[in-house]
>>> print(open('start-v3.csv').read())   # CSV, C-alpha atoms
chain,number,residue,atom,x,y,z
A,1022,MET,CA,57.8,29.4,6.3
A,1023,THR,CA,57.5,25.9,4.9
A,1024,ARG,CA,53.7,26.1,5.5
A,1025,THR,CA,53.5,29.4,3.6
A,1026,ILE,CA,55.3,28.0,0.6
A,1027,ALA,CA,53.1,24.9,0.6
A,1028,SER,CA,50.0,27.1,0.8
A,1029,LEU,CA,51.2,29.3,-2.1
A,1030,SER,CA,52.0,26.2,-4.2
A,1031,LEU,CA,48.6,24.8,-3.6
A,1032,ALA,CA,46.9,28.1,-4.5
A,1033,ALA,CA,49.0,28.3,-7.7
A,1034,ALA,CA,48.1,24.8,-8.6
A,1035,LEU,CA,44.4,25.5,-8.1
A,1036,LEU,CA,44.6,28.7,-10.1
A,1037,SER,CA,46.2,26.9,-13.0
A,1038,LEU,CA,43.4,24.3,-13.2
A,1039,PRO,CA,41.0,26.5,-15.4
A,1040,ALA,CA,43.9,27.1,-17.8
A,1041,CYS,CA,44.4,23.4,-18.3
A,1042,ALA,CA,40.8,22.9,-19.4
A,1043,SER,CA,40.6,21.8,-23.0
A,1044,LYS,CA,39.6,24.7,-25.2
A,1045,ALA,CA,37.6,24.2,-28.5
A,1046,THR,CA,39.9,24.2,-31.4
A,1047,TYR,CA,40.0,23.3,-35.1
A,1048,ILE,CA,41.6,20.0,-36.1
A,1049,GLU,CA,42.2,18.2,-39.3
A,1050,THR,CA,39.1,16.3,-40.3
A,1051,GLY,CA,39.8,12.6,-39.6
A,1052,GLY,CA,43.3,13.5,-38.5
A,1053,THR,CA,45.2,11.9,-35.6
A,1054,ASP,CA,43.7,14.3,-33.1
A,1055,SER,CA,40.1,13.1,-33.8
A,1056,ILE,CA,37.9,11.5,-31.2
A,1057,VAL,CA,37.8,7.7,-31.3
A,1058,SER,CA,34.5,6.2,-30.2
A,1059,VAL,CA,34.3,2.6,-29.3
A,1060,GLY,CA,30.6,2.1,-30.1
A,1061,GLU,CA,30.0,4.7,-32.9
A,1062,VAL,CA,31.1,5.3,-36.4
A,1063,ASP,CA,33.5,8.2,-36.5
A,1064,ILE,CA,34.4,10.5,-39.4
A,1065,GLN,CA,37.8,8.8,-39.8
A,1066,ASP,CA,36.1,5.4,-40.1
A,1067,LEU,CA,34.0,6.7,-43.0
A,1068,GLN,CA,37.1,8.3,-44.6
A,1069,ARG,CA,39.0,5.1,-44.3
A,1070,ALA,CA,36.1,3.0,-45.7
A,1071,ALA,CA,35.7,5.4,-48.7
A,1072,SER,CA,39.5,5.3,-49.3
A,1073,GLY,CA,39.6,1.5,-49.2
A,1074,MET,CA,36.7,1.2,-51.6
A,1075,LEU,CA,38.2,3.7,-54.0
A,1076,GLU,CA,41.6,2.0,-53.9
A,1077,SER,CA,40.1,-1.3,-54.8
A,1078,LEU,CA,37.8,0.1,-57.5
A,1079,ILE,CA,40.6,2.1,-59.1
A,1080,ALA,CA,43.2,-0.7,-58.9
A,1081,LEU,CA,41.0,-3.3,-60.6
A,1082,GLY,CA,39.9,-0.9,-63.4
A,1083,THR,CA,36.3,-2.0,-63.3
A,1084,LEU,CA,35.0,1.4,-64.5
A,1085,GLN,CA,37.4,1.4,-67.4
A,1086,ASN,CA,35.6,-1.6,-68.9
A,1087,ALA,CA,32.2,0.2,-69.0
A,1088,PRO,CA,30.6,0.7,-72.5
A,1089,HIS,CA,30.5,4.5,-71.8
A,1090,GLN,CA,33.4,6.6,-70.8
A,1091,PRO,CA,33.4,8.0,-68.2
A,1092,ALA,CA,31.3,5.1,-66.7
A,1093,ARG,CA,27.7,5.9,-65.8
A,1094,LEU,CA,26.9,5.1,-62.2
A,1095,ARG,CA,23.6,5.1,-60.5
A,1096,ILE,CA,23.8,5.0,-56.7
A,1097,GLU,CA,21.1,2.9,-55.2
A,1098,ARG,CA,20.4,2.0,-51.6
A,1099,VAL,CA,23.3,1.7,-49.2
A,1100,VAL,CA,21.8,0.4,-45.9
A,1101,ASN,CA,23.1,1.5,-42.5
A,1102,ASP,CA,22.4,-1.6,-40.4
A,1103,THR,CA,24.3,-0.3,-37.4
A,1104,SER,CA,23.2,1.3,-34.1
A,1105,SER,CA,25.3,4.3,-35.0
A,1106,ALA,CA,23.3,7.2,-36.6
A,1107,PHE,CA,25.1,8.6,-39.6
A,1108,ASP,CA,24.2,9.4,-43.2
A,1109,VAL,CA,25.5,6.9,-45.7
A,1110,GLY,CA,26.1,9.8,-48.1
A,1111,GLU,CA,29.2,10.5,-46.0
A,1112,LEU,CA,30.6,7.4,-47.5
A,1113,THR,CA,29.2,7.6,-51.0
A,1114,TYR,CA,29.8,11.3,-51.6
A,1115,ARG,CA,33.5,10.9,-50.8
A,1116,MET,CA,33.7,8.2,-53.4
A,1117,ARG,CA,31.7,10.3,-55.9
A,1118,GLU,CA,34.0,13.2,-55.4
A,1119,GLN,CA,37.1,11.2,-56.4
A,1120,LEU,CA,35.4,9.2,-59.2
A,1121,VAL,CA,33.5,12.1,-60.8
A,1122,ASN,CA,36.1,14.8,-60.4
A,1123,SER,CA,38.9,12.6,-61.8
A,1124,GLY,CA,36.7,11.8,-64.9
A,1125,GLN,CA,36.5,8.1,-64.1
A,1126,ALA,CA,32.7,8.0,-63.7
A,1127,THR,CA,29.6,10.1,-63.9
A,1128,VAL,CA,26.8,9.7,-61.4
A,1129,LEU,CA,23.3,9.9,-63.0
A,1130,THR,CA,21.4,12.7,-61.4
A,1131,ALA,CA,18.1,14.3,-62.5
A,1132,TYR,CA,16.2,16.9,-60.7
A,1133,GLY,CA,13.7,17.2,-57.9
A,1134,ALA,CA,13.8,16.8,-54.2
A,1135,ASN,CA,16.1,13.9,-54.5
A,1136,ALA,CA,17.9,14.2,-57.8
A,1137,GLU,CA,19.5,10.8,-57.6
A,1138,SER,CA,16.3,8.9,-57.0
A,1139,PRO,CA,15.1,6.4,-59.6
A,1140,GLU,CA,11.7,8.2,-59.5
A,1141,ALA,CA,13.2,11.5,-60.5
A,1142,GLN,CA,15.2,9.9,-63.3
A,1143,GLU,CA,12.0,8.0,-64.5
A,1144,ARG,CA,10.2,11.3,-64.6
A,1145,LEU,CA,12.9,12.9,-66.7
A,1146,LYS,CA,12.7,9.9,-69.1
A,1147,GLN,CA,8.9,10.3,-69.4
A,1148,GLU,CA,9.2,14.0,-70.1
A,1149,ALA,CA,11.8,13.4,-72.8
A,1150,PHE,CA,9.6,10.7,-74.3
A,1151,ARG,CA,6.6,13.2,-74.5
A,1152,ARG,CA,8.8,15.7,-76.2
A,1153,GLY,CA,9.8,13.1,-78.7
A,1154,GLU,CA,13.4,13.3,-77.7
A,1155,THR,CA,15.7,10.3,-77.8
A,1156,SER,CA,17.8,11.5,-74.8
A,1157,VAL,CA,16.4,8.7,-72.7
A,1158,GLU,CA,19.4,6.6,-73.6
A,1159,SER,CA,21.7,9.0,-71.8
A,1160,LEU,CA,20.2,8.1,-68.5
A,1161,GLU,CA,20.9,4.3,-68.8
A,1162,PRO,CA,23.6,3.5,-66.2
A,1163,ASP,CA,26.5,1.1,-66.8
A,1164,PHE,CA,26.6,0.1,-63.1
A,1165,PHE,CA,24.4,0.2,-60.1
A,1166,LEU,CA,26.1,0.8,-56.7
A,1167,THR,CA,24.5,-0.9,-53.7
A,1168,GLY,CA,25.8,-1.7,-50.2
A,1169,LYS,CA,25.3,-2.4,-46.6
A,1170,ILE,CA,27.1,-1.4,-43.4
A,1171,THR,CA,26.8,-3.8,-40.5
A,1172,GLN,CA,28.3,-4.1,-37.0
A,1173,LEU,CA,29.5,-6.8,-34.7
A,1174,LYS,CA,29.8,-6.0,-31.0
A,1175,ARG,CA,31.6,-8.0,-28.4
A,1176,SER,CA,32.9,-7.4,-24.9
A,1177,ALA,CA,35.3,-8.9,-22.3
A,1178,GLY,CA,34.9,-7.5,-18.9
A,1179,ARG,CA,34.9,-3.7,-19.3
A,1180,THR,CA,36.6,-3.8,-22.7
A,1181,ARG,CA,34.2,-3.3,-25.6
A,1182,GLN,CA,35.0,-4.1,-29.2
A,1183,THR,CA,33.0,-3.1,-32.3
A,1184,THR,CA,33.7,-4.1,-35.9
A,1185,TYR,CA,32.0,-2.1,-38.6
A,1186,THR,CA,31.8,-3.8,-41.9
A,1187,PHE,CA,31.3,-1.7,-45.0
A,1188,ARG,CA,30.4,-3.6,-48.1
A,1189,LEU,CA,29.7,-2.2,-51.5
A,1190,THR,CA,28.8,-3.9,-54.8
A,1191,LEU,CA,28.8,-2.7,-58.4
A,1192,THR,CA,26.3,-4.5,-60.6
A,1193,ASP,CA,26.6,-4.5,-64.4
A,1194,SER,CA,23.3,-3.2,-65.7
A,1195,ARG,CA,23.6,-5.2,-69.0
A,1196,THR,CA,24.2,-8.6,-67.5
A,1197,GLY,CA,22.9,-8.2,-63.9
A,1198,GLN,CA,26.1,-9.7,-62.7
A,1199,GLU,CA,28.3,-8.5,-59.9
A,1200,ALA,CA,31.2,-6.5,-61.5
A,1201,TRP,CA,33.0,-5.4,-58.4
A,1202,THR,CA,32.6,-5.9,-54.7
A,1203,LYS,CA,34.6,-4.9,-51.7
A,1204,VAL,CA,34.5,-5.3,-47.9
A,1205,VAL,CA,36.3,-2.9,-45.6
A,1206,ASP,CA,36.4,-3.7,-41.9
A,1207,VAL,CA,37.0,-1.1,-39.1
A,1208,THR,CA,37.5,-2.6,-35.6
A,1209,LYS,CA,37.7,-0.5,-32.5
A,1210,GLN,CA,38.4,-1.7,-29.0
A,1211,GLY,CA,38.6,0.0,-25.6
A,1212,GLN,CA,36.8,0.8,-22.4
A,1213,LYS,CA,35.9,4.4,-23.2
A,1214,ASN,CA,36.1,7.0,-26.0
A,1215,ALA,CA,39.4,8.7,-26.4
A,1216,VAL,CA,40.9,11.8,-28.1
A,1217,GLY,CA,43.5,11.0,-30.7
A,1218,PHE,CA,44.8,7.8,-32.3
B,451,MET,CA,73.3,-5.2,1.1
B,452,ILE,CA,70.6,-7.8,0.5
B,453,ARG,CA,71.9,-11.2,-0.7
B,454,MET,CA,69.5,-13.3,-2.8
B,455,PRO,CA,69.8,-17.0,-3.1
B,456,ARG,CA,70.7,-18.2,-6.6
B,457,PRO,CA,67.3,-19.8,-7.4
B,458,ALA,CA,65.6,-16.5,-6.6
B,459,ILE,CA,68.0,-14.6,-8.9
B,460,ALA,CA,67.2,-17.1,-11.7
B,461,LEU,CA,63.5,-16.7,-11.1
B,462,VAL,CA,63.7,-12.9,-11.3
B,463,LEU,CA,65.7,-13.2,-14.6
B,464,PHE,CA,63.2,-15.6,-16.0
B,465,ALA,CA,60.3,-13.4,-15.1
B,466,GLY,CA,62.1,-10.5,-16.7
B,467,LEU,CA,62.5,-12.4,-19.9
B,468,LEU,CA,58.8,-13.5,-20.1
B,469,PRO,CA,57.4,-10.3,-21.5
B,470,VAL,CA,60.0,-10.6,-24.3
B,471,ALA,CA,59.0,-14.0,-25.2
B,472,CYS,CA,55.2,-13.6,-24.9
B,473,GLY,CA,53.4,-12.2,-28.0
B,474,THR,CA,56.5,-11.9,-30.1
B,475,VAL,CA,56.4,-13.2,-33.7
B,476,ASN,CA,58.7,-15.6,-35.5
B,477,THR,CA,58.8,-15.2,-39.2
B,478,THR,CA,59.8,-17.7,-41.9
B,479,SER,CA,60.0,-16.7,-45.6
B,480,THR,CA,60.7,-18.6,-48.8
B,481,ARG,CA,62.3,-15.6,-50.4
B,482,SER,CA,65.6,-14.0,-49.4
B,483,ALA,CA,66.1,-11.6,-52.3
B,484,PRO,CA,64.4,-8.3,-52.3
B,485,SER,CA,61.3,-7.8,-54.5
B,486,GLU,CA,61.9,-6.8,-58.1
B,487,ASP,CA,59.6,-3.8,-57.5
B,488,SER,CA,61.7,-2.5,-54.6
B,489,VAL,CA,62.5,1.2,-54.8
B,490,ALA,CA,65.1,3.3,-53.0
B,491,THR,CA,63.8,5.9,-50.5
B,492,ASN,CA,64.9,8.8,-48.4
B,493,ALA,CA,63.8,9.1,-44.8
B,494,GLN,CA,63.6,12.1,-42.5
B,495,ILE,CA,63.6,10.9,-38.8
B,496,ASN,CA,62.0,13.2,-36.2
B,497,ASP,CA,60.9,10.7,-33.7
B,498,LEU,CA,63.8,8.5,-32.8
B,499,PHE,CA,61.7,6.3,-30.5
B,500,THR,CA,59.5,5.3,-33.5
B,501,GLU,CA,62.6,4.7,-35.6
B,502,ILE,CA,64.2,2.4,-33.0
B,503,PHE,CA,61.3,0.1,-32.7
B,504,LEU,CA,59.2,0.6,-35.8
B,505,HIS,CA,61.2,0.9,-39.0
B,506,VAL,CA,60.5,0.6,-42.7
B,507,ARG,CA,62.1,-2.6,-44.0
B,508,GLY,CA,61.1,-2.5,-47.6
B,509,VAL,CA,59.3,-0.2,-50.1
B,510,ARG,CA,57.8,-1.4,-53.4
B,511,LYS,CA,56.0,0.4,-56.2
B,512,PHE,CA,54.3,-1.3,-59.2
B,513,PRO,CA,51.4,-0.9,-61.6
B,514,THR,CA,48.0,-2.5,-60.7
B,515,ARG,CA,45.7,-4.2,-63.2
B,516,SER,CA,44.3,-0.8,-64.3
B,517,GLY,CA,47.7,0.7,-64.7
B,518,VAL,CA,47.7,3.1,-61.8
B,519,LEU,CA,50.5,2.6,-59.3
B,520,GLN,CA,50.3,0.8,-56.0
B,521,ALA,CA,52.8,1.3,-53.1
B,522,GLN,CA,53.6,-1.3,-50.5
B,523,VAL,CA,55.7,-0.6,-47.4
B,524,ASP,CA,56.9,-3.3,-45.0
B,525,VAL,CA,57.0,-2.0,-41.4
B,526,ALA,CA,58.8,-4.1,-38.8
B,527,ASN,CA,58.6,-3.9,-35.0
B,528,ASP,CA,61.9,-4.8,-33.3
B,529,GLY,CA,60.4,-3.8,-29.9
B,530,PHE,CA,59.1,-6.2,-27.2
B,531,ASN,CA,55.5,-5.1,-27.3
B,532,THR,CA,52.8,-4.9,-30.0
B,533,ARG,CA,52.9,-1.3,-31.3
B,534,GLY,CA,50.3,0.8,-33.1
B,535,PHE,CA,50.9,3.6,-35.5
B,536,SER,CA,49.2,5.9,-37.9
B,537,TYR,CA,50.3,6.5,-41.4
B,538,LEU,CA,49.5,8.7,-44.3
B,539,PHE,CA,50.4,8.1,-47.9
B,540,THR,CA,50.7,11.2,-50.1
B,541,TRP,CA,50.9,10.6,-53.9
B,542,GLN,CA,52.6,13.1,-56.1
B,543,ASP,CA,52.4,13.8,-59.8
B,544,GLU,CA,55.5,13.8,-62.0
B,545,ARG,CA,56.2,17.4,-61.2
B,546,GLY,CA,56.3,16.5,-57.5
B,547,ASN,CA,53.1,18.2,-56.5
B,548,PRO,CA,50.9,16.3,-53.9
B,549,ILE,CA,47.6,15.0,-55.1
B,550,LEU,CA,45.1,15.6,-52.4
B,551,GLY,CA,41.5,14.3,-52.2
B,552,PRO,CA,39.2,11.8,-50.4
B,553,MET,CA,41.9,9.1,-50.6
B,554,HIS,CA,44.4,11.2,-48.7
B,555,VAL,CA,43.5,10.0,-45.2
B,556,TRP,CA,45.3,8.8,-42.0
B,557,LYS,CA,45.0,5.1,-41.4
B,558,THR,CA,46.2,3.0,-38.5
B,559,ALA,CA,47.9,-0.4,-38.1
B,560,ARG,CA,49.4,-2.5,-35.4
B,561,VAL,CA,52.5,-4.7,-35.5
B,562,ALA,CA,53.2,-7.6,-33.2
B,563,ALA,CA,56.6,-7.6,-31.4
B,564,GLY,CA,59.2,-9.1,-33.7
B,565,GLY,CA,56.9,-9.1,-36.6
B,566,SER,CA,56.2,-7.0,-39.6
B,567,ILE,CA,53.2,-5.9,-41.7
B,568,THR,CA,52.7,-4.5,-45.1
B,569,ILE,CA,50.7,-1.4,-45.5
B,570,SER,CA,49.7,-0.3,-49.0
B,571,SER,CA,48.1,2.5,-51.0
B,572,VAL,CA,46.8,2.7,-54.5
B,573,ALA,CA,47.4,6.0,-56.4
B,574,PRO,CA,44.2,8.1,-57.0
B,575,GLY,CA,44.9,8.2,-60.7
B,576,PRO,CA,47.4,7.6,-63.5
B,577,GLU,CA,49.0,11.1,-63.0
B,578,ALA,CA,50.5,9.8,-59.7
B,579,THR,CA,54.2,8.7,-60.1
B,580,ASP,CA,55.7,9.0,-56.7
B,581,PHE,CA,54.6,8.9,-53.1
B,582,SER,CA,55.7,9.8,-49.6
B,583,ILE,CA,54.6,8.2,-46.3
B,584,GLN,CA,54.4,9.7,-42.8
B,585,VAL,CA,54.4,7.3,-39.9
B,586,ARG,CA,53.4,8.4,-36.4
B,587,ARG,CA,53.3,6.5,-33.1
B,588,ALA,CA,49.8,5.7,-31.9
B,589,GLU,CA,48.5,7.7,-28.9
B,590,ASN,CA,47.8,4.5,-26.9
>>> encode(input="start-v3.csv", output="structure tokens")
Amino acid sequence: MTRTIASLSLAAALLSLPACASKATYIETGGTDSIVSVGEVDIQDLQRAASGMLESLIALGTLQNAPHQPARLRIERVVNDTSSAFDVGELTYRMREQLVNSGQATVLTAYGANAESPEAQERLKQEAFRRGETSVESLEPDFFLTGKITQLKRSAGRTRQTTYTFRLTLTDSRTGQEAWTKVVDVTKQGQKNAVGF
Amino acid sequence: MIRMPRPAIALVLFAGLLPVACGTVNTTSTRSAPSEDSVATNAQINDLFTEIFLHVRGVRKFPTRSGVLQAQVDVANDGFNTRGFSYLFTWQDERGNPILGPMHVWKTARVAAGGSITISSVAPGPEATDFSIQVRRAEN
């Protein structure tokens, strides 16, 4: 009798295994159910970096001091100098969304394959000049946004640690001087990737 | 019944106290009065375990250089181990509606045993007048 019960219990346990397998599901982007990777930049890292940058920029009021309101911003090169492959636009577009949609800044865009590129904007200026229009002035930015993302990897035994440093700078186009700069660090430590934080 | 010699009992008690002493934080402050920007808050506790060890010790709200508001929350850890947690600030306009956007994201922090940290958030714009904060124990 005991052996029968034990066999049935084992069979039931084995049958329940497929049901325990994790099914694909939707989660909140960057929410606490997200995957945390030790050696990669995750979506929540980019969200946190963008949020940290925005908080600093908004608190200091740098954009409020621009000659034009809303401030004119040209996004230049932001270098991803990490071994993690991701588009830096994931960072800058989140910042743009907040700044542009809240009316604190406008990002200079033109047209073409890459509307934000200086080449596209230069072409727009030249065409305006040919037409004898004076709208060239409208493309002069108040600030240039540049930046770099770097990483620092260390390990102790099987534990790995990576610090991703996001740094952005606003340069005043009239003076060429740094008007705002901010560094946001994200450090992750562990032996393997995990679900949830 | 097993009888232990007194030195052995003392050693066991000492070993038991070690984890309490190691890694805890002692704090010294020059100010005893609360900050002039302290604000009263209401709390809804759903996870008693979090409340017992991690609790909010002070909340402040004040204007930044640009005029938008900044919130600061002191979180203290009365437990015996370093504890991690996630938190989410939600700013609200004067009508009480939440302001959502790219700045509305979960962040994480860790507090050493016996210590406290200050977490902060800057409002997304001048329309934000109040905020709420959700605190959740870390998964690991």
>>> closest_residue(input="start-v3.csv", among="B:Ser516, B:Thr491, B:Gln584, B:Thr478", to="chain A", atoms="only C-alpha atoms")
B:Ser516
>>> interface_residues(input="start-v3.csv", of="chain B", to="chain A", cutoff="6 Å", atoms="all atoms listed in the file", output="ChimeraX atom specification")
/B:514-516,552-553,572,588-589
>>> write_last_selection(input="start-v3.csv", atoms="C-alpha atoms", output="mmCIF file, in the frame of the given file")
data_model
loop_
_atom_site.group_PDB
_atom_site.id
_atom_site.type_symbol
_atom_site.label_atom_id
_atom_site.label_comp_id
_atom_site.auth_asym_id
_atom_site.auth_seq_id
_atom_site.Cartn_x
_atom_site.Cartn_y
_atom_site.Cartn_z
ATOM 1 C CA THR B 514 48.000 -2.500 -60.700
ATOM 2 C CA ARG B 515 45.700 -4.200 -63.200
ATOM 3 C CA SER B 516 44.300 -0.800 -64.300
ATOM 4 C CA PRO B 552 39.200 11.800 -50.400
ATOM 5 C CA MET B 553 41.900 9.100 -50.600
ATOM 6 C CA VAL B 572 46.800 2.700 -54.500
ATOM 7 C CA ALA B 588 49.800 5.700 -31.900
ATOM 8 C CA GLU B 589 48.500 7.700 -28.900
#
>>> residues_around(input="start-v3.csv", residues="Ser566 (chain B)", least_positions_apart="4", cutoff="12 Å", atoms="all atoms listed in the file", output="PyMOL selection string")
chain B and resi 474-478+503-508+523-529+532-534+559-562
>>> atom_distance(input="start-v3.csv", atom1="CA of Phe535 (chain B)", atom2="CA of Asp1063 (chain A)")
18.0 Å
>>> residues_near_point(input="start-v3.csv", point="(22.0, 3.0, -70.0)", cutoff="10 Å", atoms="all atoms listed in the file", output="PyMOL selection string")
chain A and resi 1088-1089+1093-1095+1129+1157-1164+1194-1195
>>> atom_distance(input="start-v3.csv", atom1="CA of Leu1173 (chain A)", atom2="CA of Leu1067 (chain A)")
16.5 Å
>>> closest_residue(input="start-v3.csv", among="B:Val518, B:Ala483, B:Ala578, B:Arg586", to="Arg545 (chain B)", atoms="only C-alpha atoms")
B:Ala578
>>> residues_around(input="start-v3.csv", residues="Ser582 (chain B)", least_positions_apart="4", cutoff="8 Å", atoms="all atoms listed in the file", output="list in words")
Phe539, Thr540, Trp541 and Gln542 of chain B
>>> atom_distance(input="start-v3.csv", atom1="CA of Ser1058 (chain A)", atom2="CA of Lys1209 (chain A)")
7.8 Å
